[in-house]
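**Student:** Structure file final_33.csv (CSV, N, CA and C atoms and all ligand atoms) is given on the next line.
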chain,number,residue,atom,x,y,z
O,1,MET,N,92.7,112.4,97.7
O,1,MET,CA,93.5,111.8,96.6
O,1,MET,C,95.0,111.9,97.0
O,2,GLY,N,95.6,110.7,97.1
O,2,GLY,CA,97.0,110.7,97.5
O,2,GLY,C,98.0,111.2,96.5
O,3,VAL,N,99.2,111.4,96.9
O,3,VAL,CA,100.2,111.8,95.9
O,3,VAL,C,100.7,110.6,95.1
O,4,PRO,N,100.6,110.7,93.8
O,4,PRO,CA,101.1,109.5,93.0
O,4,PRO,C,102.6,109.2,93.1
O,5,THR,N,102.9,108.0,93.0
O,5,THR,CA,104.3,107.6,93.0
O,5,THR,C,105.0,108.0,91.7
O,6,VAL,N,106.2,108.5,91.8
O,6,VAL,CA,107.0,108.9,90.6
O,6,VAL,C,108.1,107.9,90.4
O,7,TYR,N,108.1,107.2,89.3
O,7,TYR,CA,109.1,106.2,89.0
O,7,TYR,C,110.3,106.8,88.3
O,8,GLY,N,111.4,106.0,88.1
O,8,GLY,CA,112.5,106.5,87.4
O,8,GLY,C,113.7,107.0,88.3
O,9,ALA,N,114.6,107.7,87.7
O,9,ALA,CA,115.8,108.1,88.4
O,9,ALA,C,115.6,109.4,89.1
O,10,VAL,N,114.7,109.4,90.0
O,10,VAL,CA,114.2,110.6,90.7
O,10,VAL,C,115.3,111.1,91.7
O,11,LEU,N,115.6,112.4,91.7
O,11,LEU,CA,116.6,112.9,92.6
O,11,LEU,C,116.0,113.5,93.9
O,12,ASP,N,114.8,114.1,93.8
O,12,ASP,CA,114.3,114.8,94.9
O,12,ASP,C,112.7,114.9,94.9
O,13,ALA,N,112.2,115.4,95.9
O,13,ALA,CA,110.7,115.4,96.1
O,13,ALA,C,110.0,116.3,95.1
O,14,ALA,N,110.7,117.2,94.4
O,14,ALA,CA,110.2,118.0,93.4
O,14,ALA,C,110.2,117.3,92.0
O,15,THR,N,110.5,116.0,92.0
O,15,THR,CA,110.6,115.2,90.8
O,15,THR,C,111.7,115.6,89.8
O,16,ARG,N,112.8,116.2,90.3
O,16,ARG,CA,113.9,116.4,89.4
O,16,ARG,C,114.5,115.0,89.2
O,17,CYS,N,115.2,114.8,88.0
O,17,CYS,CA,115.8,113.5,87.8
O,17,CYS,C,117.2,113.7,87.3
O,18,ILE,N,117.9,112.5,87.1
O,18,ILE,CA,119.3,112.6,86.7
O,18,ILE,C,119.4,113.3,85.3
O,19,HIS,N,118.4,113.3,84.5
O,19,HIS,CA,118.4,113.9,83.1
O,19,HIS,C,118.1,115.4,83.1
O,20,PHE,N,117.1,115.7,83.9
O,20,PHE,CA,116.6,117.1,83.9
O,20,PHE,C,116.5,117.6,85.4
O,21,HIS,N,117.4,118.5,85.8
O,21,HIS,CA,117.4,118.8,87.2
O,21,HIS,C,117.7,120.3,87.4
O,22,SER,N,117.2,121.2,86.5
O,22,SER,CA,117.4,122.6,86.8
O,22,SER,C,116.3,123.1,87.8
O,23,GLU,N,116.5,124.3,88.2
O,23,GLU,CA,115.6,124.9,89.2
O,23,GLU,C,114.1,124.7,88.8
O,24,ARG,N,113.8,124.8,87.5
O,24,ARG,CA,112.4,124.8,87.1
O,24,ARG,C,111.9,123.4,86.6
O,25,ASP,N,112.8,122.4,86.7
O,25,ASP,CA,112.3,121.0,86.2
O,25,ASP,C,111.6,120.4,87.3
O,26,ILE,N,110.3,120.8,87.4
O,26,ILE,CA,109.6,120.3,88.6
O,26,ILE,C,108.3,119.6,88.2
O,27,VAL,N,108.1,119.2,87.0
O,27,VAL,CA,106.9,118.4,86.7
O,27,VAL,C,107.3,117.0,86.3
O,28,ALA,N,106.4,116.1,86.8
O,28,ALA,CA,106.4,114.7,86.3
O,28,ALA,C,105.3,114.4,85.4
O,29,ILE,N,105.4,113.5,84.5
O,29,ILE,CA,104.4,113.3,83.5
O,29,ILE,C,103.9,111.8,83.6
O,30,LYS,N,102.6,111.6,83.6
O,30,LYS,CA,102.1,110.3,83.5
O,30,LYS,C,102.0,109.8,82.1
O,31,PHE,N,102.5,108.6,81.9
O,31,PHE,CA,102.6,108.1,80.5
O,31,PHE,C,101.3,107.3,80.2
O,32,ALA,N,100.8,107.5,79.0
O,32,ALA,CA,99.6,106.9,78.5
O,32,ALA,C,99.7,105.4,78.5
O,33,CYS,N,100.9,104.9,78.2
O,33,CYS,CA,101.1,103.4,78.1
O,33,CYS,C,100.9,102.7,79.4
O,34,CYS,N,101.5,103.1,80.5
O,34,CYS,CA,101.6,102.4,81.7
O,34,CYS,C,100.9,103.1,82.9
O,35,ARG,N,100.4,104.4,82.6
O,35,ARG,CA,99.7,105.1,83.6
O,35,ARG,C,100.6,105.4,84.8
O,36,ARG,N,101.9,105.4,84.7
O,36,ARG,CA,102.8,105.7,85.7
O,36,ARG,C,103.4,107.1,85.5
O,37,TYR,N,103.7,107.8,86.6
O,37,TYR,CA,104.4,109.1,86.5
O,37,TYR,C,105.9,108.8,86.4
O,38,TYR,N,106.5,109.6,85.5
O,38,TYR,CA,108.0,109.6,85.4
O,38,TYR,C,108.4,111.1,85.3
O,39,PRO,N,109.6,111.5,85.7
O,39,PRO,CA,110.1,112.8,85.5
O,39,PRO,C,110.3,113.2,84.1
O,40,CYS,N,110.7,112.2,83.2
O,40,CYS,CA,111.0,112.5,81.8
O,40,CYS,C,110.9,111.2,81.0
O,41,PHE,N,111.0,111.4,79.7
O,41,PHE,CA,110.9,110.2,78.8
O,41,PHE,C,112.1,109.3,78.9
O,42,GLN,N,113.3,109.9,79.2
O,42,GLN,CA,114.4,109.0,79.4
O,42,GLN,C,114.3,108.1,80.6
O,43,CYS,N,113.7,108.6,81.7
O,43,CYS,CA,113.5,107.8,82.9
O,43,CYS,C,112.5,106.7,82.6
O,44,HIS,N,111.5,107.0,81.8
O,44,HIS,CA,110.5,106.0,81.4
O,44,HIS,C,111.1,104.9,80.6
O,45,ASP,N,111.9,105.3,79.5
O,45,ASP,CA,112.4,104.3,78.6
O,45,ASP,C,113.5,103.5,79.3
O,46,GLU,N,114.3,104.1,80.2
O,46,GLU,CA,115.3,103.3,80.8
O,46,GLU,C,114.7,102.3,81.8
O,47,THR,N,113.6,102.7,82.5
O,47,THR,CA,113.0,101.8,83.4
O,47,THR,C,112.3,100.7,82.7
O,48,VAL,N,111.6,101.0,81.6
O,48,VAL,CA,110.8,100.0,80.9
O,48,VAL,C,111.8,99.0,80.3
O,49,ARG,N,112.9,99.4,79.8
O,49,ARG,CA,113.9,98.5,79.1
O,49,ARG,C,114.4,97.4,80.1
O,50,ARG,N,114.4,97.8,81.4
O,50,ARG,CA,114.9,96.8,82.4
O,50,ARG,C,113.8,95.8,82.8
O,51,GLU,N,112.6,96.1,82.5
O,51,GLU,CA,111.5,95.2,82.9
O,51,GLU,C,111.5,93.9,82.1
O,52,PRO,N,110.9,92.9,82.8
O,52,PRO,CA,110.9,91.6,82.1
O,52,PRO,C,110.1,91.6,80.8
O,53,THR,N,109.0,92.4,80.8
O,53,THR,CA,108.2,92.5,79.5
O,53,THR,C,108.1,94.0,79.2
O,54,PRO,N,109.1,94.5,78.4
O,54,PRO,CA,109.1,96.0,78.1
O,54,PRO,C,107.9,96.3,77.2
O,55,HIS,N,107.4,97.5,77.3
O,55,HIS,CA,106.3,97.9,76.5
O,55,HIS,C,106.6,99.1,75.6
O,56,THR,N,105.8,99.3,74.6
O,56,THR,CA,106.1,100.5,73.7
O,56,THR,C,105.5,101.7,74.3
O,57,THR,N,106.3,102.8,74.3
O,57,THR,CA,105.8,104.1,74.8
O,57,THR,C,104.6,104.6,73.9
O,58,ARG,N,103.6,105.1,74.6
O,58,ARG,CA,102.5,105.6,73.9
O,58,ARG,C,102.2,107.0,74.4
O,59,ARG,N,101.9,107.9,73.4
O,59,ARG,CA,101.6,109.3,73.8
O,59,ARG,C,100.1,109.5,74.0
O,60,TRP,N,99.7,110.6,74.7
O,60,TRP,CA,98.3,110.9,75.0
O,60,TRP,C,97.7,111.4,73.7
O,61,PRO,N,96.6,110.7,73.3
O,61,PRO,CA,95.9,111.3,72.1
O,61,PRO,C,95.1,112.5,72.6
O,62,HIS,N,94.9,113.4,71.7
O,62,HIS,CA,94.3,114.7,72.0
O,62,HIS,C,92.9,114.5,72.7
O,63,VAL,N,92.2,113.5,72.4
O,63,VAL,CA,90.8,113.3,73.0
O,63,VAL,C,91.0,112.9,74.5
O,64,GLN,N,92.2,112.6,74.9
O,64,GLN,CA,92.3,112.3,76.4
O,64,GLN,C,93.1,113.3,77.1
O,65,TRP,N,93.1,114.5,76.6
O,65,TRP,CA,93.9,115.6,77.2
O,65,TRP,C,93.3,116.1,78.5
O,66,SER,N,92.1,115.7,78.8
O,66,SER,CA,91.5,116.1,80.1
O,66,SER,C,92.0,115.2,81.2
O,67,GLU,N,92.7,114.2,80.9
O,67,GLU,CA,93.3,113.3,81.9
O,67,GLU,C,94.3,114.1,82.8
O,68,LEU,N,94.2,113.8,84.1
O,68,LEU,CA,95.2,114.4,85.0
O,68,LEU,C,96.5,113.7,84.8
O,69,ALA,N,97.5,114.3,84.1
O,69,ALA,CA,98.7,113.6,83.7
O,69,ALA,C,99.9,114.3,84.0
O,70,ILE,N,99.8,115.5,84.7
O,70,ILE,CA,101.0,116.3,85.0
O,70,ILE,C,101.0,116.5,86.5
O,71,LEU,N,102.1,116.2,87.1
O,71,LEU,CA,102.3,116.4,88.6
O,71,LEU,C,103.2,117.5,88.8
O,72,CYS,N,102.8,118.5,89.6
O,72,CYS,CA,103.7,119.6,90.0
O,72,CYS,C,104.5,119.1,91.2
O,73,GLY,N,105.8,119.1,91.0
O,73,GLY,CA,106.7,118.6,92.1
O,73,GLY,C,106.8,119.6,93.2
O,74,ALA,N,106.4,120.8,93.0
O,74,ALA,CA,106.5,121.8,94.1
O,74,ALA,C,105.3,121.7,95.1
O,75,CYS,N,104.1,121.4,94.6
O,75,CYS,CA,103.0,121.3,95.5
O,75,CYS,C,102.3,119.9,95.5
O,76,GLN,N,102.8,119.0,94.6
O,76,GLN,CA,102.3,117.7,94.5
O,76,GLN,C,100.8,117.6,94.1
O,77,ARG,N,100.3,118.7,93.4
O,77,ARG,CA,99.0,118.6,92.8
O,77,ARG,C,99.1,118.2,91.3
O,78,GLN,N,97.9,117.8,90.8
O,78,GLN,CA,97.9,117.3,89.4
O,78,GLN,C,97.2,118.3,88.5
O,79,LEU,N,97.6,118.3,87.3
O,79,LEU,CA,97.0,119.2,86.2
O,79,LEU,C,96.6,118.3,85.1
O,80,SER,N,95.5,118.7,84.4
O,80,SER,CA,95.2,118.0,83.1
O,80,SER,C,96.2,118.4,82.0
O,81,ILE,N,96.3,117.7,81.0
O,81,ILE,CA,97.2,118.0,79.9
O,81,ILE,C,96.7,119.4,79.2
O,82,PHE,N,95.4,119.6,79.1
O,82,PHE,CA,94.9,120.8,78.6
O,82,PHE,C,95.4,122.0,79.5
O,83,GLU,N,95.2,121.9,80.8
O,83,GLU,CA,95.7,122.9,81.7
O,83,GLU,C,97.2,123.2,81.5
O,84,TYR,N,97.9,122.1,81.5
O,84,TYR,CA,99.4,122.3,81.4
O,84,TYR,C,99.8,123.1,80.1
O,85,HIS,N,99.0,122.9,79.0
O,85,HIS,CA,99.3,123.6,77.8
O,85,HIS,C,99.0,125.0,77.8
O,86,ARG,N,98.1,125.4,78.8
O,86,ARG,CA,97.6,126.8,78.9
O,86,ARG,C,98.5,127.7,79.8
O,87,VAL,N,99.3,127.0,80.6
O,87,VAL,CA,100.0,127.8,81.7
O,87,VAL,C,101.5,127.7,81.5
O,88,ASP,N,102.2,128.7,82.1
O,88,ASP,CA,103.6,128.6,82.2
O,88,ASP,C,104.1,128.5,83.6
O,89,ARG,N,103.1,128.4,84.5
O,89,ARG,CA,103.4,128.2,85.9
O,89,ARG,C,102.3,127.4,86.5
O,90,CYS,N,102.5,126.8,87.7
O,90,CYS,CA,101.5,126.0,88.3
O,90,CYS,C,100.3,126.8,88.7
O,91,PRO,N,99.1,126.5,88.3
O,91,PRO,CA,97.9,127.2,88.7
O,91,PRO,C,97.6,127.1,90.2
O,92,HIS,N,98.2,126.1,90.9
O,92,HIS,CA,97.9,125.9,92.3
O,92,HIS,C,98.9,126.6,93.2
O,93,CYS,N,100.2,126.5,92.9
O,93,CYS,CA,101.2,127.1,93.8
O,93,CYS,C,102.1,128.1,93.1
O,94,SER,N,101.8,128.4,91.8
O,94,SER,CA,102.6,129.5,91.1
O,94,SER,C,104.0,129.2,90.8
O,95,ALA,N,104.5,128.0,91.1
O,95,ALA,CA,105.9,127.6,90.7
O,95,ALA,C,106.0,127.6,89.2
O,96,GLU,N,107.1,128.2,88.7
O,96,GLU,CA,107.4,128.3,87.3
O,96,GLU,C,107.8,126.9,86.7
O,97,PHE,N,107.2,126.6,85.5
O,97,PHE,CA,107.6,125.4,84.8
O,97,PHE,C,108.7,125.8,83.8
O,98,ASN,N,109.5,124.8,83.5
O,98,ASN,CA,110.6,125.0,82.5
O,98,ASN,C,110.0,125.1,81.1
O,99,PRO,N,110.2,126.3,80.5
O,99,PRO,CA,109.7,126.5,79.1
O,99,PRO,C,110.3,125.6,78.2
O,100,GLY,N,111.5,125.1,78.5
O,100,GLY,CA,112.2,124.1,77.6
O,100,GLY,C,111.5,122.8,77.5
O,101,CYS,N,110.6,122.5,78.4
O,101,CYS,CA,109.8,121.3,78.4
O,101,CYS,C,108.9,121.2,77.1
O,102,ARG,N,108.5,122.4,76.6
O,102,ARG,CA,107.7,122.4,75.4
O,102,ARG,C,108.4,121.8,74.2
O,103,LEU,N,109.7,121.9,74.2
O,103,LEU,CA,110.4,121.3,73.1
O,103,LEU,C,110.2,119.8,73.0
O,104,HIS,N,109.9,119.2,74.2
O,104,HIS,CA,109.7,117.7,74.3
O,104,HIS,C,108.3,117.3,74.3
O,105,ALA,N,107.4,118.2,74.2
O,105,ALA,CA,105.9,117.9,74.4
O,105,ALA,C,105.5,116.8,73.4
O,106,HIS,N,106.0,116.8,72.2
O,106,HIS,CA,105.6,115.8,71.2
O,106,HIS,C,105.9,114.4,71.6
O,107,LEU,N,106.8,114.2,72.6
O,107,LEU,CA,107.2,112.9,73.1
O,107,LEU,C,106.1,112.3,74.0
O,108,TYR,N,105.3,113.2,74.6
O,108,TYR,CA,104.3,112.8,75.5
O,108,TYR,C,102.9,112.9,75.0
O,109,PHE,N,102.6,114.0,74.2
O,109,PHE,CA,101.3,114.3,73.8
O,109,PHE,C,101.1,114.4,72.3
O,110,ASP,N,100.1,113.7,71.8
O,110,ASP,CA,99.8,113.9,70.4
O,110,ASP,C,99.2,115.2,70.1
O,111,GLU,N,99.8,116.1,69.3
O,111,GLU,CA,99.2,117.4,69.0
O,111,GLU,C,97.9,117.2,68.3
O,112,PRO,N,97.0,118.2,68.5
O,112,PRO,CA,95.7,118.1,67.7
O,112,PRO,C,96.0,118.2,66.2
O,113,GLN,N,95.3,117.5,65.4
O,113,GLN,CA,95.5,117.4,63.9
O,113,GLN,C,95.1,118.7,63.3
O,201,ZN,ZN,104.9,103.3,79.7
O,202,ZN,ZN,114.8,111.5,83.7
O,203,ZN,ZN,102.3,123.5,92.1
Would you encode the structure as structure tokens?

**Tutor:**
Amino acid sequence: MGVPTVYGAVLDAATRCIHFHSERDIVAIKFACCRRYYPCFQCHDETVRREPTPHTTRRWPHVQWSELAILCGACQRQLSIFEYHRVDRCPHCSAEFNPGCRLHAHLYFDEPQ
């Protein structure tokens, strides 16, 4: 399985972007609407707005949380959304994830009802 392309205003190989680029901002998220990886929702929205046919952002419904939709920028391996919610560091390479990302989780994932 190859490393997926990360779109948007990416700054480095660890998927930091112009919006989020602290030491621990190392995950990219695949969007349910276009199945593309972006470092953050702002990267997604800005890219989509410039496209000839913009689309509406869609979050992952809970029934699809087994989808591999998280890319660890440190080791380039993918996690499912379930896995990502269970850990605070990458299960493959132990790189720490930014706990602040949880504040934005509702922008990407529909919480279970
Ligand atoms: Zn999209
Ligand atoms: Zn961004
Ligand atoms: Zn990793």

**Student:** As a quick test: using only C-alpha atoms and all ligand atoms, which residues lie no more than 7 Å away from ligand ZN 203 (chain O)? Give them as a list in words.

**Tutor:** Cys72, Gly73, Ala74, Cys75, Gln76, Arg77, Cys90, Pro91, His92, Cys93, Ser94 and Ala95 of chain O

**Student:** Include N, CA and C atoms and write out the residues we just selected as a short mmCIF file (atom, residue, chain, number, x, y, z; two decimals), keeping the file's coordinate frame.

**Tutor:**
data_model
loop_
_atom_site.label_atom_id
_atom_site.label_comp_id
_atom_site.auth_asym_id
_atom_site.auth_seq_id
_atom_site.Cartn_x
_atom_site.Cartn_y
_atom_site.Cartn_z
N CYS O 72 102.80 118.50 89.60
CA CYS O 72 103.70 119.60 90.00
C CYS O 72 104.50 119.10 91.20
N GLY O 73 105.80 119.10 91.00
CA GLY O 73 106.70 118.60 92.10
C GLY O 73 106.80 119.60 93.20
N ALA O 74 106.40 120.80 93.00
CA ALA O 74 106.50 121.80 94.10
C ALA O 74 105.30 121.70 95.10
N CYS O 75 104.10 121.40 94.60
CA CYS O 75 103.00 121.30 95.50
C CYS O 75 102.30 119.90 95.50
N GLN O 76 102.80 119.00 94.60
CA GLN O 76 102.30 117.70 94.50
C GLN O 76 100.80 117.60 94.10
N ARG O 77 100.30 118.70 93.40
CA ARG O 77 99.00 118.60 92.80
C ARG O 77 99.10 118.20 91.30
N CYS O 90 102.50 126.80 87.70
CA CYS O 90 101.50 126.00 88.30
C CYS O 90 100.30 126.80 88.70
N PRO O 91 99.10 126.50 88.30
CA PRO O 91 97.90 127.20 88.70
C PRO O 91 97.60 127.10 90.20
N HIS O 92 98.20 126.10 90.90
CA HIS O 92 97.90 125.90 92.30
C HIS O 92 98.90 126.60 93.20
N CYS O 93 100.20 126.50 92.90
CA CYS O 93 101.20 127.10 93.80
C CYS O 93 102.10 128.10 93.10
N SER O 94 101.80 128.40 91.80
CA SER O 94 102.60 129.50 91.10
C SER O 94 104.00 129.20 90.80
N ALA O 95 104.50 128.00 91.10
CA ALA O 95 105.90 127.60 90.70
C ALA O 95 106.00 127.60 89.20
#

**Student:** Would you list the residues that come within 6.5 Å of ligand ZN 202 (chain O)? Count all atoms listed in the file and give the answer as a list of chain:residue names.

**Tutor:**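 Those within range of ligand ZN 202 (chain O) are O:Ala9, O:Cys17, O:Ile18, O:His19, O:Phe20, O:Pro39, O:Cys40, O:Phe41, O:Gln42, O:Cys43, O:His44.
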
**Student:** Using atom N of Ile81 in chain O and atom N of Cys101 in chain O as the two end points, give the distance in Å to one decimal.

**Tutor:**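 These atoms are spaced 15.3 Å apart.
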
**Student:** Between O:Leu103, O:Val63, O:Val48, O:Ile70, which has the minimum distance to ligand ZN 201 (chain O) (counting only N, CA and C atoms and all ligand atoms)?

**Tutor:**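 The answer is O:Val48, which sits nearest to ligand ZN 201 (chain O).
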
**Student:** Pick out the residues no farther than 6 Å from ligand ZN 201 (chain O), counting all atoms listed in the file, and list them as a ChimeraX atom specification.

**Tutor:** /O:31-35,56-58

**Student:** Kindly export the residues of the current selection with N, CA and C atoms, as a compact mmCIF listing (two decimals), keeping the file's coordinate frame.

**Tutor:**
# COMPACT_ATOMS: atom_id res chain seq x y z
N PHE O 31 102.50 108.60 81.90
CA PHE O 31 102.60 108.10 80.50
C PHE O 31 101.30 107.30 80.20
N ALA O 32 100.80 107.50 79.00
CA ALA O 32 99.60 106.90 78.50
C ALA O 32 99.70 105.40 78.50
N CYS O 33 100.90 104.90 78.20
CA CYS O 33 101.10 103.40 78.10
C CYS O 33 100.90 102.70 79.40
N CYS O 34 101.50 103.10 80.50
CA CYS O 34 101.60 102.40 81.70
C CYS O 34 100.90 103.10 82.90
N ARG O 35 100.40 104.40 82.60
CA ARG O 35 99.70 105.10 83.60
C ARG O 35 100.60 105.40 84.80
N THR O 56 105.80 99.30 74.60
CA THR O 56 106.10 100.50 73.70
C THR O 56 105.50 101.70 74.30
N THR O 57 106.30 102.80 74.30
CA THR O 57 105.80 104.10 74.80
C THR O 57 104.60 104.60 73.90
N ARG O 58 103.60 105.10 74.60
CA ARG O 58 102.50 105.60 73.90
C ARG O 58 102.20 107.00 74.40
